[in-house]
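Q: One file: work-v9.cif (mmCIF, C-alpha atoms).
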data_entry
loop_
_atom_site.label_atom_id
_atom_site.label_comp_id
_atom_site.auth_asym_id
_atom_site.auth_seq_id
_atom_site.Cartn_x
_atom_site.Cartn_y
_atom_site.Cartn_z
CA MET B 18 -61.04 -46.41 10.19
CA LYS B 19 -60.87 -45.89 6.44
CA HIS B 20 -58.63 -48.24 4.52
CA PHE B 21 -57.24 -48.00 1.02
CA LEU B 22 -55.65 -51.06 -0.61
CA LEU B 23 -53.54 -50.36 -3.67
CA ILE B 24 -52.49 -53.26 -5.87
CA ALA B 25 -49.26 -52.28 -7.61
CA HIS B 26 -48.19 -54.78 -10.22
CA LYS B 27 -44.93 -53.18 -11.31
CA ALA B 28 -43.71 -51.45 -8.15
CA VAL B 29 -40.32 -52.84 -7.23
CA THR B 30 -39.98 -54.77 -4.00
CA CYS B 31 -36.46 -53.82 -3.02
CA GLY B 32 -35.60 -50.38 -1.66
CA ASP B 33 -32.54 -49.77 -3.82
CA TYR B 34 -34.41 -47.50 -6.22
CA SER B 35 -33.63 -43.84 -6.85
CA LEU B 36 -36.08 -41.17 -5.70
CA ASN B 37 -35.14 -39.39 -8.94
CA ASP B 38 -36.61 -42.15 -11.11
CA MET B 39 -39.72 -43.46 -9.39
CA PRO B 40 -41.82 -43.66 -12.59
CA GLY B 41 -39.09 -45.61 -14.40
CA SER B 42 -36.78 -48.02 -12.64
CA ALA B 43 -38.94 -48.11 -9.49
CA GLY B 44 -41.92 -49.45 -11.48
CA ARG B 45 -44.32 -46.50 -11.26
CA MET B 46 -43.70 -46.02 -7.56
CA ASP B 47 -44.92 -42.44 -8.16
CA VAL B 48 -48.48 -43.78 -8.47
CA LEU B 49 -48.29 -45.14 -4.92
CA CYS B 50 -46.72 -41.94 -3.60
CA ARG B 51 -49.62 -39.88 -4.89
CA CYS B 52 -52.08 -42.31 -3.33
CA VAL B 53 -50.38 -41.93 0.05
CA ASN B 54 -50.58 -38.15 -0.32
CA THR B 55 -54.28 -38.05 -1.12
CA ALA B 56 -55.17 -40.64 1.49
CA PHE B 57 -53.61 -38.66 4.35
CA PHE B 58 -53.36 -34.97 3.58
CA LEU B 59 -55.77 -32.27 4.57
CA SER B 60 -54.81 -28.62 4.36
CA HIS B 61 -52.27 -28.25 7.19
CA ASP B 62 -53.38 -31.50 8.80
CA LEU B 63 -53.25 -35.28 8.44
CA ARG B 64 -56.17 -37.68 8.37
CA ARG B 65 -55.36 -39.84 11.38
CA ASP B 66 -58.24 -42.29 10.82
CA VAL B 67 -56.76 -43.76 7.63
CA HIS B 68 -54.70 -46.85 6.85
CA VAL B 69 -53.09 -47.30 3.45
CA HIS B 70 -52.07 -50.81 2.41
CA LEU B 71 -49.69 -50.90 -0.54
CA LEU B 72 -49.35 -54.37 -2.04
CA LEU B 73 -46.24 -54.38 -4.22
CA LEU B 74 -46.01 -57.13 -6.80
CA GLY B 75 -42.95 -56.12 -8.83
CA GLU B 76 -39.52 -57.74 -8.86
CA PRO B 77 -37.36 -58.96 -7.18
CA CYS B 78 -39.61 -60.25 -4.33
CA PRO B 79 -43.25 -59.97 -5.50
CA GLY B 80 -45.67 -59.76 -2.60
CA ARG B 81 -44.48 -57.16 -0.14
CA LEU B 82 -46.89 -55.06 1.89
CA VAL B 83 -46.12 -51.51 3.06
CA ARG B 84 -48.76 -50.26 5.46
CA PHE B 85 -49.18 -46.61 6.50
CA GLU B 86 -51.12 -45.87 9.70
CA GLY B 87 -52.31 -42.28 9.99
CA ALA B 88 -52.40 -42.29 13.78
CA HIS B 89 -48.66 -42.91 14.06
CA LEU B 90 -47.23 -41.23 10.97
CA ARG B 91 -44.36 -38.77 11.35
CA SER B 92 -42.13 -37.10 8.77
CA LEU B 93 -44.59 -37.35 5.90
CA ASN B 94 -44.71 -34.37 3.58
CA PRO B 95 -47.03 -33.97 0.58
CA ASP B 96 -44.43 -34.31 -2.17
CA GLU B 97 -43.81 -37.61 -3.95
CA ARG B 98 -40.23 -37.89 -2.75
CA SER B 99 -41.36 -37.81 0.88
CA SER B 100 -43.66 -40.83 0.68
CA GLY B 101 -41.24 -42.42 -1.79
CA ALA B 102 -38.50 -42.21 0.84
CA LEU B 103 -40.69 -43.87 3.50
CA ILE B 104 -41.62 -46.71 1.12
CA LYS B 105 -37.95 -47.09 0.24
CA LYS B 106 -36.97 -47.42 3.91
CA ALA B 107 -39.62 -50.08 4.40
CA LEU B 108 -38.41 -52.02 1.34
CA LEU B 109 -34.78 -51.85 2.46
CA ARG B 110 -35.74 -54.25 5.26
CA GLU B 111 -35.25 -57.94 4.62
CA PRO B 112 -38.55 -59.44 3.40
CA SER B 113 -40.25 -61.25 6.28
CA ALA B 114 -43.69 -62.63 7.01
CA THR B 115 -43.49 -60.97 10.43
CA GLU B 116 -44.58 -57.34 10.33
CA SER B 117 -42.04 -54.78 11.48
CA ARG B 118 -42.02 -51.00 11.76
CA SER B 119 -39.57 -49.27 9.42
CA THR B 120 -40.41 -45.69 10.43
CA PRO B 121 -43.16 -44.27 12.69
CA GLY B 122 -46.51 -45.31 11.27
CA VAL B 123 -45.03 -47.41 8.46
CA ASN B 124 -44.95 -51.21 8.72
CA THR B 125 -43.89 -53.89 6.32
CA ARG B 126 -44.11 -57.61 5.74
CA THR B 127 -44.64 -60.06 2.91
CA ALA B 128 -48.23 -60.66 1.80
CA THR B 129 -50.43 -61.83 -1.04
CA LEU B 130 -53.82 -60.54 -2.14
CA PRO B 131 -55.68 -63.67 -0.93
CA GLU B 132 -54.02 -63.34 2.50
CA LEU B 133 -54.98 -59.68 2.79
CA LEU B 134 -58.56 -60.29 1.70
CA GLY B 135 -58.76 -63.14 4.22
CA GLU B 136 -57.54 -60.89 7.02
CA PHE B 137 -59.98 -58.12 6.14
CA THR B 138 -62.86 -60.57 6.00
CA GLU B 139 -61.88 -62.10 9.33
CA LYS B 140 -62.00 -58.63 10.91
CA SER B 141 -65.44 -58.03 9.32
CA TYR B 142 -64.17 -55.07 7.32
CA GLY B 143 -66.39 -53.89 4.48
CA LEU B 144 -64.87 -54.30 1.03
CA VAL B 145 -65.42 -51.89 -1.82
CA TYR B 146 -63.87 -52.35 -5.25
CA LEU B 147 -63.68 -49.26 -7.42
CA ARG B 148 -64.72 -49.94 -11.00
CA GLU B 149 -66.26 -47.74 -13.66
CA ASP B 150 -69.44 -49.81 -13.90
CA GLY B 151 -70.10 -49.89 -10.15
CA GLU B 152 -72.85 -48.17 -8.20
CA ASP B 153 -72.46 -44.39 -8.06
CA LEU B 154 -70.43 -43.44 -4.98
CA ARG B 155 -72.88 -40.64 -4.21
CA GLU B 156 -75.83 -43.03 -4.19
CA THR B 157 -74.47 -45.85 -2.07
CA GLU B 158 -75.73 -46.77 1.36
CA ASP B 159 -73.40 -45.74 4.15
CA PHE B 160 -70.24 -47.77 4.47
CA VAL B 161 -69.41 -49.65 7.66
CA ASP B 162 -66.79 -48.01 9.88
CA ASP B 163 -63.93 -50.21 8.75
CA THR B 164 -64.23 -50.23 5.00
CA VAL B 165 -61.39 -51.11 2.64
CA PHE B 166 -61.51 -49.33 -0.72
CA ILE B 167 -59.60 -51.43 -3.24
CA LEU B 168 -57.90 -49.79 -6.21
CA GLY B 169 -55.62 -50.89 -8.99
CA ASP B 170 -52.53 -49.11 -10.24
CA HIS B 171 -52.02 -47.71 -13.76
CA THR B 172 -52.43 -51.24 -15.17
CA GLY B 173 -55.74 -51.81 -13.39
CA VAL B 174 -56.58 -55.10 -11.69
CA THR B 175 -56.14 -58.50 -13.35
CA GLU B 176 -59.09 -60.79 -13.98
CA GLU B 177 -57.76 -63.24 -11.41
CA GLU B 178 -57.44 -60.52 -8.76
CA GLU B 179 -60.87 -59.23 -9.62
CA ASN B 180 -62.36 -62.68 -9.11
CA LEU B 181 -60.71 -62.89 -5.69
CA ILE B 182 -61.97 -59.44 -4.70
CA LEU B 183 -65.53 -60.09 -5.83
CA GLY B 184 -65.40 -63.57 -4.32
CA ALA B 185 -64.58 -61.97 -0.98
CA GLY B 186 -67.86 -60.05 -1.21
CA ALA B 187 -66.67 -56.61 -2.34
CA ARG B 188 -69.26 -54.09 -3.47
CA LEU B 189 -68.65 -52.45 -6.85
CA VAL B 190 -68.59 -48.68 -6.67
CA SER B 191 -67.85 -46.00 -9.28
CA THR B 192 -66.60 -42.47 -8.62
CA GLY B 193 -68.07 -40.95 -11.77
CA PRO B 194 -68.46 -41.16 -15.52
CA LEU B 195 -64.75 -41.11 -16.42
CA SER B 196 -61.89 -43.47 -15.65
CA LEU B 197 -59.51 -41.77 -13.22
CA HIS B 198 -56.16 -42.28 -11.57
CA ALA B 199 -56.26 -44.12 -8.24
CA ASP B 200 -55.23 -41.05 -6.22
CA HIS B 201 -58.02 -38.98 -7.77
CA CYS B 202 -60.50 -41.71 -6.77
CA ILE B 203 -59.23 -41.51 -3.19
CA THR B 204 -59.93 -37.76 -3.10
CA LEU B 205 -63.49 -38.40 -4.27
CA ILE B 206 -64.07 -41.15 -1.72
CA HIS B 207 -62.81 -38.95 1.10
CA ASN B 208 -65.02 -36.08 0.00
CA GLU B 209 -68.11 -38.29 -0.04
CA LEU B 210 -67.30 -39.66 3.43
CA ASP B 211 -66.48 -36.16 4.74
CA ARG B 212 -69.84 -34.93 3.53
CA ARG B 213 -71.71 -37.81 5.14
CA GLU B 214 -69.84 -37.37 8.41
CA GLY B 215 -70.32 -33.61 8.31
CA GLY B 216 -73.98 -33.92 7.45
CA LYS B 217 -73.43 -31.91 4.29
CA ARG B 218 -74.29 -34.60 1.80
CA MET N 8 -62.75 -24.60 -21.71
CA LYS N 9 -62.09 -25.14 -18.00
CA HIS N 10 -59.49 -22.91 -16.42
CA PHE N 11 -57.64 -23.22 -13.15
CA LEU N 12 -55.71 -20.25 -11.78
CA LEU N 13 -53.23 -21.05 -9.03
CA ILE N 14 -51.76 -18.20 -7.01
CA ALA N 15 -48.37 -19.34 -5.72
CA HIS N 16 -46.82 -16.89 -3.29
CA LYS N 17 -43.53 -18.65 -2.66
CA ALA N 18 -42.85 -20.42 -5.94
CA VAL N 19 -39.54 -19.18 -7.34
CA THR N 20 -39.56 -17.24 -10.59
CA CYS N 21 -36.26 -18.38 -12.04
CA GLY N 22 -35.76 -21.86 -13.48
CA ASP N 23 -32.46 -22.61 -11.78
CA TYR N 24 -34.09 -24.80 -9.13
CA SER N 25 -33.40 -28.48 -8.60
CA LEU N 26 -36.11 -31.03 -9.40
CA ASN N 27 -34.83 -32.86 -6.32
CA ASP N 28 -35.84 -30.05 -3.96
CA MET N 29 -39.09 -28.59 -5.24
CA PRO N 30 -40.73 -28.31 -1.79
CA GLY N 31 -37.68 -26.50 -0.39
CA SER N 32 -35.53 -24.17 -2.45
CA ALA N 33 -38.09 -23.97 -5.28
CA GLY N 34 -40.71 -22.52 -2.90
CA ARG N 35 -43.24 -25.36 -2.78
CA MET N 36 -43.16 -25.86 -6.52
CA ASP N 37 -44.46 -29.38 -5.74
CA VAL N 38 -47.87 -27.87 -4.95
CA LEU N 39 -48.11 -26.52 -8.49
CA CYS N 40 -46.89 -29.77 -10.01
CA ARG N 41 -49.67 -31.70 -8.32
CA CYS N 42 -52.22 -29.16 -9.54
CA VAL N 43 -51.01 -29.60 -13.12
CA ASN N 44 -51.33 -33.37 -12.70
CA THR N 45 -54.89 -33.31 -11.39
CA ALA N 46 -56.00 -30.67 -13.87
CA PHE N 47 -54.94 -32.71 -16.91
CA PHE N 48 -54.77 -36.42 -16.18
CA LEU N 49 -57.41 -38.99 -16.81
CA SER N 50 -56.60 -42.67 -16.72
CA HIS N 51 -54.50 -43.15 -19.87
CA ASP N 52 -55.65 -39.85 -21.33
CA LEU N 53 -55.31 -36.09 -21.00
CA ARG N 54 -58.08 -33.56 -20.54
CA ARG N 55 -57.60 -31.44 -23.64
CA ASP N 56 -60.25 -28.86 -22.69
CA VAL N 57 -58.28 -27.47 -19.74
CA HIS N 58 -56.00 -24.48 -19.28
CA VAL N 59 -53.90 -24.09 -16.12
CA HIS N 60 -52.60 -20.64 -15.26
CA LEU N 61 -49.82 -20.68 -12.67
CA LEU N 62 -49.13 -17.22 -11.24
CA LEU N 63 -45.75 -17.36 -9.50
CA LEU N 64 -45.03 -14.63 -7.00
CA GLY N 65 -41.77 -15.78 -5.39
CA GLU N 66 -38.30 -14.32 -5.86
CA PRO N 67 -36.35 -13.21 -7.83
CA CYS N 68 -38.91 -11.80 -10.35
CA PRO N 69 -42.36 -11.93 -8.67
CA GLY N 70 -45.16 -12.01 -11.22
CA ARG N 71 -44.46 -14.67 -13.80
CA LEU N 72 -47.20 -16.64 -15.47
CA VAL N 73 -46.78 -20.21 -16.72
CA ARG N 74 -49.77 -21.34 -18.72
CA PHE N 75 -50.50 -24.96 -19.68
CA GLU N 76 -52.89 -25.61 -22.59
CA GLY N 77 -54.29 -29.14 -22.69
CA ALA N 78 -54.89 -29.12 -26.43
CA HIS N 79 -51.21 -28.65 -27.24
CA LEU N 80 -49.44 -30.42 -24.36
CA ARG N 81 -46.77 -32.98 -25.11
CA SER N 82 -44.27 -34.76 -22.88
CA LEU N 83 -46.30 -34.42 -19.70
CA ASN N 84 -46.23 -37.40 -17.37
CA PRO N 85 -48.14 -37.69 -14.09
CA ASP N 86 -45.17 -37.50 -11.71
CA GLU N 87 -44.15 -34.23 -10.05
CA ARG N 88 -40.76 -34.11 -11.73
CA SER N 89 -42.39 -34.14 -15.16
CA SER N 90 -44.49 -31.01 -14.66
CA GLY N 91 -41.68 -29.53 -12.55
CA ALA N 92 -39.35 -29.86 -15.54
CA LEU N 93 -41.81 -28.10 -17.87
CA ILE N 94 -42.27 -25.22 -15.40
CA LYS N 95 -38.49 -25.02 -15.04
CA LYS N 96 -38.02 -24.73 -18.81
CA ALA N 97 -40.58 -21.93 -18.93
CA LEU N 98 -38.87 -20.06 -16.09
CA LEU N 99 -35.45 -20.40 -17.69
CA ARG N 100 -36.66 -17.94 -20.35
CA GLU N 101 -35.93 -14.28 -19.79
CA PRO N 102 -38.95 -12.63 -18.14
CA SER N 103 -40.96 -10.75 -20.74
CA ALA N 104 -44.40 -9.20 -21.01
CA THR N 105 -44.75 -10.86 -24.42
CA GLU N 106 -45.98 -14.42 -24.15
CA SER N 107 -43.75 -17.11 -25.64
CA ARG N 108 -43.94 -20.89 -25.91
CA SER N 109 -41.27 -22.73 -23.91
CA THR N 110 -42.40 -26.27 -24.78
CA PRO N 111 -45.49 -27.55 -26.65
CA GLY N 112 -48.57 -26.36 -24.78
CA VAL N 113 -46.63 -24.34 -22.20
CA ASN N 114 -46.42 -20.55 -22.49
CA THR N 115 -44.90 -17.92 -20.26
CA ARG N 116 -44.86 -14.17 -19.69
CA THR N 117 -44.88 -11.73 -16.80
CA ALA N 118 -48.26 -10.98 -15.21
CA THR N 119 -49.99 -9.72 -12.09
CA LEU N 120 -53.25 -10.85 -10.54
CA PRO N 121 -55.12 -7.63 -11.50
CA GLU N 122 -53.96 -8.03 -15.11
CA LEU N 123 -55.12 -11.64 -15.25
CA LEU N 124 -58.48 -10.87 -13.68
CA GLY N 125 -58.91 -8.02 -16.16
CA GLU N 126 -58.18 -10.31 -19.09
CA PHE N 127 -60.60 -12.98 -17.87
CA THR N 128 -63.32 -10.40 -17.35
CA GLU N 129 -62.73 -8.90 -20.79
CA LYS N 130 -63.24 -12.35 -22.32
CA SER N 131 -66.44 -12.81 -20.27
CA TYR N 132 -65.05 -15.83 -18.46
CA GLY N 133 -66.91 -16.91 -15.34
CA LEU N 134 -64.89 -16.58 -12.13
CA VAL N 135 -65.17 -18.98 -9.20
CA TYR N 136 -63.15 -18.59 -6.03
CA LEU N 137 -62.79 -21.70 -3.91
CA ARG N 138 -63.30 -20.99 -0.22
CA GLU N 139 -64.56 -23.11 2.64
CA ASP N 140 -67.58 -20.90 3.32
CA GLY N 141 -68.75 -20.80 -0.31
CA GLU N 142 -71.81 -22.37 -1.86
CA ASP N 143 -71.63 -26.16 -2.03
CA LEU N 144 -70.09 -27.19 -5.37
CA ARG N 145 -72.75 -29.87 -5.77
CA GLU N 146 -75.56 -27.35 -5.40
CA THR N 147 -74.36 -24.59 -7.70
CA GLU N 148 -76.04 -23.60 -10.92
CA ASP N 149 -74.17 -24.74 -14.01
CA PHE N 150 -70.99 -22.83 -14.77
CA VAL N 151 -70.53 -20.98 -18.05
CA ASP N 152 -68.33 -22.74 -20.60
CA ASP N 153 -65.24 -20.69 -19.90
CA THR N 154 -65.01 -20.66 -16.14
CA VAL N 155 -61.83 -19.92 -14.19
CA PHE N 156 -61.57 -21.71 -10.85
CA ILE N 157 -59.23 -19.70 -8.62
CA LEU N 158 -57.23 -21.43 -5.90
CA GLY N 159 -54.53 -20.43 -3.46
CA ASP N 160 -51.40 -22.37 -2.64
CA HIS N 161 -50.47 -23.80 0.77
CA THR N 162 -50.53 -20.26 2.21
CA GLY N 163 -54.01 -19.54 0.88
CA VAL N 164 -54.92 -16.20 -0.67
CA THR N 165 -54.10 -12.82 0.90
CA GLU N 166 -56.82 -10.39 1.93
CA GLU N 167 -55.74 -7.99 -0.81
CA GLU N 168 -55.91 -10.72 -3.47
CA GLU N 169 -59.26 -11.87 -2.14
CA ASN N 170 -60.64 -8.35 -2.46
CA LEU N 171 -59.47 -8.20 -6.08
CA ILE N 172 -61.01 -11.60 -6.87
CA LEU N 173 -64.34 -10.79 -5.26
CA GLY N 174 -64.27 -7.30 -6.78
CA ALA N 175 -63.99 -8.94 -10.21
CA GLY N 176 -67.28 -10.70 -9.52
CA ALA N 177 -66.12 -14.20 -8.55
CA ARG N 178 -68.64 -16.61 -7.05
CA LEU N 179 -67.64 -18.27 -3.80
CA VAL N 180 -67.79 -22.06 -3.97
CA SER N 181 -66.82 -24.77 -1.48
CA THR N 182 -65.82 -28.34 -2.29
CA GLY N 183 -66.92 -29.80 1.04
CA PRO N 184 -66.78 -29.58 4.81
CA LEU N 185 -62.98 -29.81 5.19
CA SER N 186 -60.16 -27.58 4.03
CA LEU N 187 -58.22 -29.38 1.28
CA HIS N 188 -55.10 -29.02 -0.82
CA ALA N 189 -55.58 -27.17 -4.10
CA ASP N 190 -54.98 -30.28 -6.22
CA HIS N 191 -57.62 -32.23 -4.31
CA CYS N 192 -60.09 -29.39 -4.96
CA ILE N 193 -59.34 -29.63 -8.68
CA THR N 194 -60.21 -33.34 -8.65
CA LEU N 195 -63.54 -32.55 -7.01
CA ILE N 196 -64.35 -29.74 -9.46
CA HIS N 197 -63.59 -32.00 -12.43
CA ASN N 198 -65.76 -34.77 -11.03
CA GLU N 199 -68.70 -32.42 -10.56
CA LEU N 200 -68.32 -31.08 -14.11
CA ASP N 201 -67.84 -34.61 -15.51
CA ARG N 202 -71.06 -35.68 -13.85
CA ARG N 203 -73.00 -32.72 -15.19
CA GLU N 204 -71.62 -33.23 -18.68
CA GLY N 205 -72.26 -36.97 -18.51
CA GLY N 206 -75.75 -36.48 -17.18
CA LYS N 207 -74.89 -38.51 -14.10
CA ARG N 208 -75.23 -35.82 -11.51
#
As structure tokens - that is how I would like this structure written.
A:
Amino acid sequence: MKHFLLIAHKAVTCGDYSLNDMPGSAGRMDVLCRCVNTAFFLSHDLRRDVHVHLLLLGEPCPGRLVRFEGAHLRSLNPDERSSGALIKKALLREPSATESRSTPGVNTRTATLPELLGEFTEKSYGLVYLREDGEDLRETEDFVDDTVFILGDHTGVTEEEENLILGAGARLVSTGPLSLHADHCITLIHNELDRREGGKR
Amino acid sequence: MKHFLLIAHKAVTCGDYSLNDMPGSAGRMDVLCRCVNTAFFLSHDLRRDVHVHLLLLGEPCPGRLVRFEGAHLRSLNPDERSSGALIKKALLREPSATESRSTPGVNTRTATLPELLGEFTEKSYGLVYLREDGEDLRETEDFVDDTVFILGDHTGVTEEEENLILGAGARLVSTGPLSLHADHCITLIHNELDRREGGKR
């Protein structure tokens, strides 16, 4: 399984936002929508071996997790409004520490970054943190089957979060010479993994 | 200059569509919006050395070109509605064979694929057609400075169009082992060019 963890500092944590204003009043929810798109979509197919973990840290209830599981997803289309609507449905649930399914393949609960990192570590998942000064993605050793690629939103990752991520043993990896949007990084990660799996590297 | 030509068979050619229904009544306009995003956006910056040529072939006036020039673009944000609004403004103009500027960095006129290919050839632009069975993008010789990367929409490229493209001398290039959305291909092309330009290949 391939995992992508997105840390979204401004994304609102209540589902009363308008799909017509995701970059504004929803706290750059559009960034997360594009990440969901690139994590799952192939041409006329979905990547079923992917989990996307969206950690939303905006108001009014900072610390909500919306988790997309490729194997169970239904009703996801490539446009931003489609994933935005699924996130909205998840966030319309009452915040709870107990995970519940809001729509097929989409689950939600409350969570913090330390909790998530602890859970990944407990399951022996590999951790990779995308940063411009990391090792070149094309030159890395193969990743373990369950690897979590950790990305920041448009504001990046705070120093405190970065310390937690590196403290949990994450490898630093870079996708190339320029600083890119998170969804573009996901495309590049998938392509590298596709090539290794297809023997075309 | 890097050029991306998108052939959009269903995208409507009048600007009276709703930004709330770009995948539906606007004929998968969302596909084009995502291509504009990936062609231009860096993290907190725009790629100024890019032109995007959107060839719209849907009803009611098949054969309209909307051309984005990175050097002159203003008011473009990464979300789909933002580029969708700029395309809409261009299409609200009366169709004309004479190119006119609808907003800064966005121009429009009527056009056909043979006309466009003829113009590119006349200017000695390189032509690259993205197809799964092409040469691996990572293994190609360097591209000439003005290269046009030609991509189809969600319906691909018709046999007739493909014959025109190959007849114009386009090289066949593949981005990897799986068939991807056009915007994801653009990300991969940019990354390869970024690496070559940054000496990090």
Q: Give me, as a PyMOL selection string, the contact residues of chain B against chain N at a cut-off of 6 Å, counting all atoms listed in the file.
A: chain B and resi 59-60+196-198
Q: For Val174 (chain B), which residue out of B:Val161, B:Ile24, B:Ala128, B:Val67 is the nearest one, using all atoms listed in the file?
A: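 Ranking B:Val161, B:Ile24, B:Ala128, B:Val67 by distance to Val174 (chain B), first place goes to B:Ile24.
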Q: Give me the result of the PyMOL selection byres ((chain B and resi 111) around 10) on this file, residue by residue, as a short mmCIF file (atom, residue, chain, number, x, y, z; two decimals) with C-alpha atoms, in the frame of the given file.
A:
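Result file follows (result_19.cif):
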data_model
loop_
_atom_site.label_atom_id
_atom_site.label_comp_id
_atom_site.auth_asym_id
_atom_site.auth_seq_id
_atom_site.Cartn_x
_atom_site.Cartn_y
_atom_site.Cartn_z
CA CYS B 31 -36.46 -53.82 -3.02
CA GLY B 32 -35.60 -50.38 -1.66
CA ALA B 107 -39.62 -50.08 4.40
CA LEU B 108 -38.41 -52.02 1.34
CA LEU B 109 -34.78 -51.85 2.46
CA ARG B 110 -35.74 -54.25 5.26
CA PRO B 112 -38.55 -59.44 3.40
CA SER B 113 -40.25 -61.25 6.28
CA ALA B 114 -43.69 -62.63 7.01
CA THR B 125 -43.89 -53.89 6.32
CA ARG B 126 -44.11 -57.61 5.74
CA THR B 127 -44.64 -60.06 2.91
#
Q: CA of Glu152 (chain B) and CA of Cys52 (chain B) are how many Å apart?
A: 22.1 Å
Q: When you look at Thr119 (chain N) with a cut-off of 9 Å (counting all atoms listed in the file), what residues show up, excluding the ones that are within fewer than 3 positions of it in the same chain? I need them as a VMD selection string.
A: chain N and resid 62 64 69 to 72 122 to 124
Q: So the first atom is CA of Thr164 (chain B) and the second is CA of Ala88 (chain B); what is the distance between them in Å, to one decimal place?
A: 16.7 Å
Q: Near Phe137 (chain B), counting only C-alpha atoms, which residues have an atom at most 12 Å away, once you skip same-chain residues fewer than 2 positions from it, shown as a ChimeraX atom specification?
A: /B:20-22,70,130-135,139-145,163-167,182,185-187
Q: Could you work out how far CA of Thr110 (chain N) lies from CA of Lys96 (chain N), giving the answer in Å with one decimal?
A: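 That distance, rounded to one decimal, is 7.6 Å.
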Q: Go ahead and find all residues with at least one atom no further than 7 Å from (-62.9, -49.6, -6.2) in the file's coordinates, using all atoms listed in the file; report them as a VMD selection string.
A: chain B and resid 145 to 148 166 to 168 189 to 191
Q: Looking at N:Val113, N:Val59, N:Val43, N:Ile94, which one is nearest to Asp23 (chain N), with distances taken over only C-alpha atoms?
A: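 Result for the nearest residue to Asp23 (chain N): N:Ile94.
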Q: Would you list the residues near (-42.6, -21.8, -7.5) (no more than 7 Å away, in the coordinates of the file, using all atoms listed in the file) as a PDB file with C-alpha atoms, keeping the file's coordinate frame?
A:
ATOM      1  CA  ALA N  15     -48.370 -19.340  -5.720  1.00  0.00           C
ATOM      2  CA  LYS N  17     -43.530 -18.650  -2.660  1.00  0.00           C
ATOM      3  CA  ALA N  18     -42.850 -20.420  -5.940  1.00  0.00           C
ATOM      4  CA  VAL N  19     -39.540 -19.180  -7.340  1.00  0.00           C
ATOM      5  CA  THR N  20     -39.560 -17.240 -10.590  1.00  0.00           C
ATOM      6  CA  ALA N  33     -38.090 -23.970  -5.280  1.00  0.00           C
ATOM      7  CA  GLY N  34     -40.710 -22.520  -2.900  1.00  0.00           C
ATOM      8  CA  ARG N  35     -43.240 -25.360  -2.780  1.00  0.00           C
ATOM      9  CA  MET N  36     -43.160 -25.860  -6.520  1.00  0.00           C
ATOM     10  CA  LEU N  63     -45.750 -17.360  -9.500  1.00  0.00           C
ATOM     11  CA  GLY N  65     -41.770 -15.780  -5.390  1.00  0.00           C
TER      12      GLY N  65
END
Q: Would you mind telling me which residue in N:Pro67, N:Leu13, N:Glu169, N:Ile196 lies nearest to Asp149 (chain N) when using all atoms listed in the file?
A: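 Smallest distance to Asp149 (chain N) is found for N:Ile196.
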Q: Which residues, named as in the file, does the PyMOL selection byres ((chain N and resi 80) around 6) pick out? Answer as a compact mmCIF listing (two decimals) with C-alpha atoms, in the frame of the given file.
A:
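Full text of expr.txt as output:
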# COMPACT_ATOMS: atom_id res chain seq x y z
CA GLY N 77 -54.29 -29.14 -22.69
CA ALA N 78 -54.89 -29.12 -26.43
CA HIS N 79 -51.21 -28.65 -27.24
CA ARG N 81 -46.77 -32.98 -25.11
CA PRO N 111 -45.49 -27.55 -26.65
CA GLY N 112 -48.57 -26.36 -24.78
